[in-house]
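Everything below concerns the one structure shown next.
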Number of protein chains: 2
Amino acid sequence: MQLELSVDRSSPVPLYFQLSQQLEAAIEHGTLTPGSLLGNEIELAARLGLSRPTVRQAIQSLVDKGLLVRRRGVGTQVVHSQVKRPLELSSLYDDLEAAGQRPATKVLVNTLEPASAEVAAALGVAEDSDVHRVERLRLAHGEPMAYLCNFLPPGLIDLDTGQLEATGLYRLMRAAGITLHSARQSIGARAATPPEAERLAEETGAPLLTMQRVTFDDTGRAVEYGTHTYRPTRYSFEFQLLVRT
Amino acid sequence: MQLELSVDRSSPVPLYFQLSQQLEAAIEHGTLTPGSLLGNEIELAARLGLSRPTVRQAIQSLVDKGLLVRRRGVGTQVVHSQVKRPLELSSLYDDLEAAGQRPATKVLVNTLEPASAEVAAALGVAEDSDVHRVERLRLAHGEPMAYLCNFLPPGLIDLDTGQLEATGLYRLMRAAGITLHSARQSIGARAATPPEAERLAEETGAPLLTMQRVTFDDTGRAVEYGTHTYRPTRYSFEFQLLVRT
DNA sequence: TCAATCTGTTTGTCCGGACAATCTGACTAC
DNA sequence: GTAGTCAGATTGTCCGGACAAACAGATTGA
């Protein structure tokens with residue numbers, strides 16, 4: 001294994017992070033082939049002039065990502081399977097853009113209105129208190145793909161219709177300094193009602209994929225509640241997930 | 001904060017794990033209320049007679065689970081939101097049992113047959129080589145909930161029809177010493193074909209929720225490929241997910 | 001020939017310490 | 001009164017070392 005590894009001690013980037021990125025790049029690039037041993041931690045530390053805990057921290061982060069597997073008495077191996085992303089909080093806009101689909105968004109509604117009981121419960125605000133309501137149609141290649149209805153608590157973000165049409169909601173929230181932390185999702189299916197069918201250019205009774213989601217920031221506040229419907233012929237949820245250990 | 005914490009040094013259970021379990025229990029139980037500070041690491045270590053790295057390792061594991069949030073200069077806080085499980089590799093059988101639904105399974109097919117191109121590609125075996133094929137109907141309260149079709153490479157596990165009816169496939173695999181590592185899933189929806197409708201007691205054209213999954217063990221081998229259809233009126237996919245950092 | 005045992009390798013756990021980065025809150029200067 | 005500055009508190013990073021546990025392969029014994 002002639003893997004070139006080096007760390008820059010003058011950089012503000014943590015050493016373990018520099019190392020883990022280089023290892024990840026090597027795996028991605030194929031320099032480290034699946035199944036190959038990584039060499040033992042102590043020697044690796046000595047080679048790089050690092051301590052073993054630092055090397056372990058780097059390796060551990062890749063184990064958590066599912067790229068490496070440790071075996072006591074054997075060594076650390078690159079996982080065989082084609083792990084891509086261990087399921088992050090996915091954004092339809094980003095998904096489409098990554099797939100080269102040139103997403104477009106049409107904002108249908110962008111108002112402030114009193115929260116229904118359902119919305120109030122999801123967002124943890126008082127019933128009838130004002131919340132943002134945003135309804136959007138997401139298109140790809142001019143064809144409707146999904147109908148997105150979102151509710152946000154007030155005062156968190158400035159919802160500009162122009163920006164909503166230019167990018168995704170998650171990007172706007174991140175840009176507004178909101179740290180997304182976790183989400184509770186529910187994915188199901190049901191038959192399209194007449195208004196839903198019309199919006200998505202489907203027929204009444206056609207199967208629709210539905211997703212409901214409440215997103216929380218790192219302080220535990222609910223920052224978004226969404227009810228989405230997707231055309232199943234155009235979109236499905238794909239993700240990779242890891243077994244918790 | 002009068003939180004009772006203690007560790008047993010004579011136990012073979014790692015100290016950091018003992019601590020993290022106690023903290024998790026305290027959070028679950030409500031002894032540690034959301035938003036409350038955990039007390040600084042150094043004092044906590046001194047109080048328990050542990051070193052700071054050990055305490056940090058315990059805390060880190062809970063941060064990874066999404067239960068705690070660290071803030072430099074502030075401290076470690078319990079997250080507000082109702083995080084439950086950060087999405088593990090879910091098993092329909094376990095899900096139903098946890099919901100107190102008394103799942104029942106009817107094995108429709110349990111044979112060895114040549115792999116189709118699709119199955120061979122998913123499992124990474126040669127086309128027309130023998131693979132296990134298992135078709136099951138999963139019921140709850142006597143009502144059909146899902147139709148499960150799975151393919152497994154040969155020689156990995158002994159598929160006994162009786163056992164398949166008594167428990168879930170994942171449990172059997174784990175019991176056979178297979179370490180599940182990751183899975184690639186795809187969730188979609190479509191209209192029921194006549195045979196599908198009949199199996200699930202739905203009408204032709206009714207919306208169905210579909211899930212395809214390839215599961216890998218820790219050596220990177222594909223150990224299972226499944227094509228499942230669910231009745232959306234009876235089942236939906238619920239999960240909590242964390243933003244990767 | 002086969003099974004049990006031993007041995008070396010590698011990761012797992014744990015320690016104690018050091019300094020840096022960042023946040024909060026109080027203080028000070030204008 | 002307001003803005004900038006400073007100090008204390010807390011986590012982030014990193015070091016060097018020690019012993020335990022588990023695995024693979026070779027050795028030994030029946």
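Ordered as shown in the structure tokens, chains take letters A, B, and onward, while each chain numbers its residues from 1 and ligands are numbered from 1 in the order shown.
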
ask   = Once chain A is best-fit onto chain B by all Cα atoms in order, what RMSD in Å is left?
value =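 RMSD over all C-alpha atoms: 0.3 Å.
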
**Item:** At most 8 Å to chain D: residues in chain A, only C-alpha atoms (C1' of nucleotides), as JSON, numbers by chain
**Value:** {"A": [14, 51, 54, 72, 73, 74]}

Write the residues you've just listed into a file as a PDB file, in the first residue's frame, and include all heavy atoms for each of them.
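To be explicit, this is the file written out as result_17.pdb:
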ATOM      1  N   PRO A  14      -8.681  20.434  11.960  1.00  0.00           N
ATOM      2  CA  PRO A  14      -8.197  19.421  12.898  1.00  0.00           C
ATOM      3  C   PRO A  14      -7.456  18.295  12.187  1.00  0.00           C
ATOM      4  O   PRO A  14      -7.818  17.904  11.074  1.00  0.00           O
ATOM      5  CB  PRO A  14      -9.478  18.902  13.552  1.00  0.00           C
ATOM      6  CG  PRO A  14     -10.440  20.024  13.433  1.00  0.00           C
ATOM      7  CD  PRO A  14     -10.097  20.726  12.154  1.00  0.00           C
ATOM      8  N   SER A  51      -0.520  10.898  17.132  1.00  0.00           N
ATOM      9  CA  SER A  51      -0.725   9.935  18.205  1.00  0.00           C
ATOM     10  C   SER A  51      -1.813   8.951  17.791  1.00  0.00           C
ATOM     11  O   SER A  51      -2.604   9.219  16.884  1.00  0.00           O
ATOM     12  CB  SER A  51      -1.147  10.650  19.481  1.00  0.00           C
ATOM     13  OG  SER A  51      -2.457  11.142  19.338  1.00  0.00           O
ATOM     14  N   THR A  54      -5.532  10.188  17.874  1.00  0.00           N
ATOM     15  CA  THR A  54      -5.903  11.042  16.748  1.00  0.00           C
ATOM     16  C   THR A  54      -6.231  10.206  15.520  1.00  0.00           C
ATOM     17  O   THR A  54      -7.223  10.443  14.825  1.00  0.00           O
ATOM     18  CB  THR A  54      -4.762  12.016  16.442  1.00  0.00           C
ATOM     19  OG1 THR A  54      -4.477  12.780  17.604  1.00  0.00           O
ATOM     20  CG2 THR A  54      -5.146  12.948  15.312  1.00  0.00           C
ATOM     21  N   ARG A  72     -11.179  -6.644  15.479  1.00  0.00           N
ATOM     22  CA  ARG A  72     -10.130  -6.813  16.465  1.00  0.00           C
ATOM     23  C   ARG A  72      -9.268  -8.024  16.111  1.00  0.00           C
ATOM     24  O   ARG A  72      -9.799  -9.073  15.783  1.00  0.00           O
ATOM     25  CB  ARG A  72     -10.772  -7.029  17.841  1.00  0.00           C
ATOM     26  CG  ARG A  72      -9.841  -6.863  18.986  1.00  0.00           C
ATOM     27  CD  ARG A  72     -10.507  -7.219  20.268  1.00  0.00           C
ATOM     28  NE  ARG A  72     -11.694  -6.407  20.571  1.00  0.00           N
ATOM     29  CZ  ARG A  72     -12.131  -6.219  21.813  1.00  0.00           C
ATOM     30  NH1 ARG A  72     -11.477  -6.725  22.819  1.00  0.00           N
ATOM     31  NH2 ARG A  72     -13.199  -5.514  22.028  1.00  0.00           N
ATOM     32  N   GLY A  73      -7.996  -7.847  16.182  1.00  0.00           N
ATOM     33  CA  GLY A  73      -7.077  -8.932  15.856  1.00  0.00           C
ATOM     34  C   GLY A  73      -6.833  -9.075  14.375  1.00  0.00           C
ATOM     35  O   GLY A  73      -5.989  -9.858  13.943  1.00  0.00           O
ATOM     36  N   VAL A  74      -7.559  -8.349  13.565  1.00  0.00           N
ATOM     37  CA  VAL A  74      -7.417  -8.451  12.112  1.00  0.00           C
ATOM     38  C   VAL A  74      -6.917  -7.135  11.531  1.00  0.00           C
ATOM     39  O   VAL A  74      -5.868  -7.074  10.897  1.00  0.00           O
ATOM     40  CB  VAL A  74      -8.768  -8.823  11.458  1.00  0.00           C
ATOM     41  CG1 VAL A  74      -8.617  -8.909   9.962  1.00  0.00           C
ATOM     42  CG2 VAL A  74      -9.275 -10.127  12.035  1.00  0.00           C
TER      43      VAL A  74
END

Inset, instruction - At a cut-off of 12 Å, list the chain B residues touching chain C, using only C-alpha atoms (C1' of nucleotides), as a list in words. - result: Arg9, Pro12, Val13, Pro14, Leu15, Tyr16, Phe17, Ile42, Ala45, Ala46, Gly49, Leu50, Ser51, Arg52, Pro53, Thr54, Val55, Arg56, Gln57, Arg70, Arg71, Arg72, Gly73, Val74 and Gly75 of chain B

If you run DSSP on the backbone here, which positions in segment 67-171 of chain A get helix (DSSP H, G or I)? Please write them as a ChimeraX atom specification.
/A:92-98,117-123,161-166,169-171

task = Using only C-alpha atoms, find which residues of chain A lie within 6 Å of chain B and jot them down as a list in words.
result =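 Filtering chain A at 6 Å from chain B with only C-alpha atoms gives Val79, His80, Ser81, Glu88, Leu89, His181, Ser182, Ala183, Arg184, Gln185, Ser186, Ile187, Gly188, Ala189, Arg190, Ala191, Pro207, Leu209, Gly220, Pro232, Ser236, Phe237, Glu238, Phe239, Gln240, Leu241, Leu242, Val243 and Arg244 of chain A.
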
Legend entry - Atomic separation - atom CA of Gln60 of chain A relative to atom CA of Ala26 of chain A, Å: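 The value is 16.0 Å.
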
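As for atom CA of Leu139 of chain B and atom CA of Thr105 of chain B, they are spaced 6.1 Å apart.
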
Residue with the minimum atom-to-atom distance to Gln18 of chain A, picked from A:Ala58, A:Leu37, A:Val134, A:Leu67 with only C-alpha atoms counted, is A:Ala58

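Pairwise distance (atom CA of Ala197 of chain B, atom CA of Gly162 of chain B) equals 26.0 Å.
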
(message) Just checking: using only C-alpha atoms, which residue out of A:Thr167, A:Ser11, A:Thr229, A:Thr161 ends up closest to Tyr93 of chain A?
(response)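 Among the listed residues, A:Thr167 lies closest to Tyr93 of chain A.
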
- request: May I have the residues within 9 Å of segment 116-122 of chain B as a ChimeraX atom specification, using only C-alpha atoms (C1' of nucleotides) and disregarding those fewer than 4 positions away in the same chain?
  value: /B:126-129,131,151,214,222,224-225

In segment 1-241 of chain B, what's strand (DSSP E or B) per DSSP? Answer as a ChimeraX atom specification? /B:37,68-71,75-78,103-114,130-140,143-152,180-191,207-217,222-230,237-241

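Of the residues listed (B:Glu203, B:Ser10, B:Leu5, B:Val109), B:Leu5 shows the shortest atom-to-atom separation from Ala25 of chain B; distances use only C-alpha atoms.
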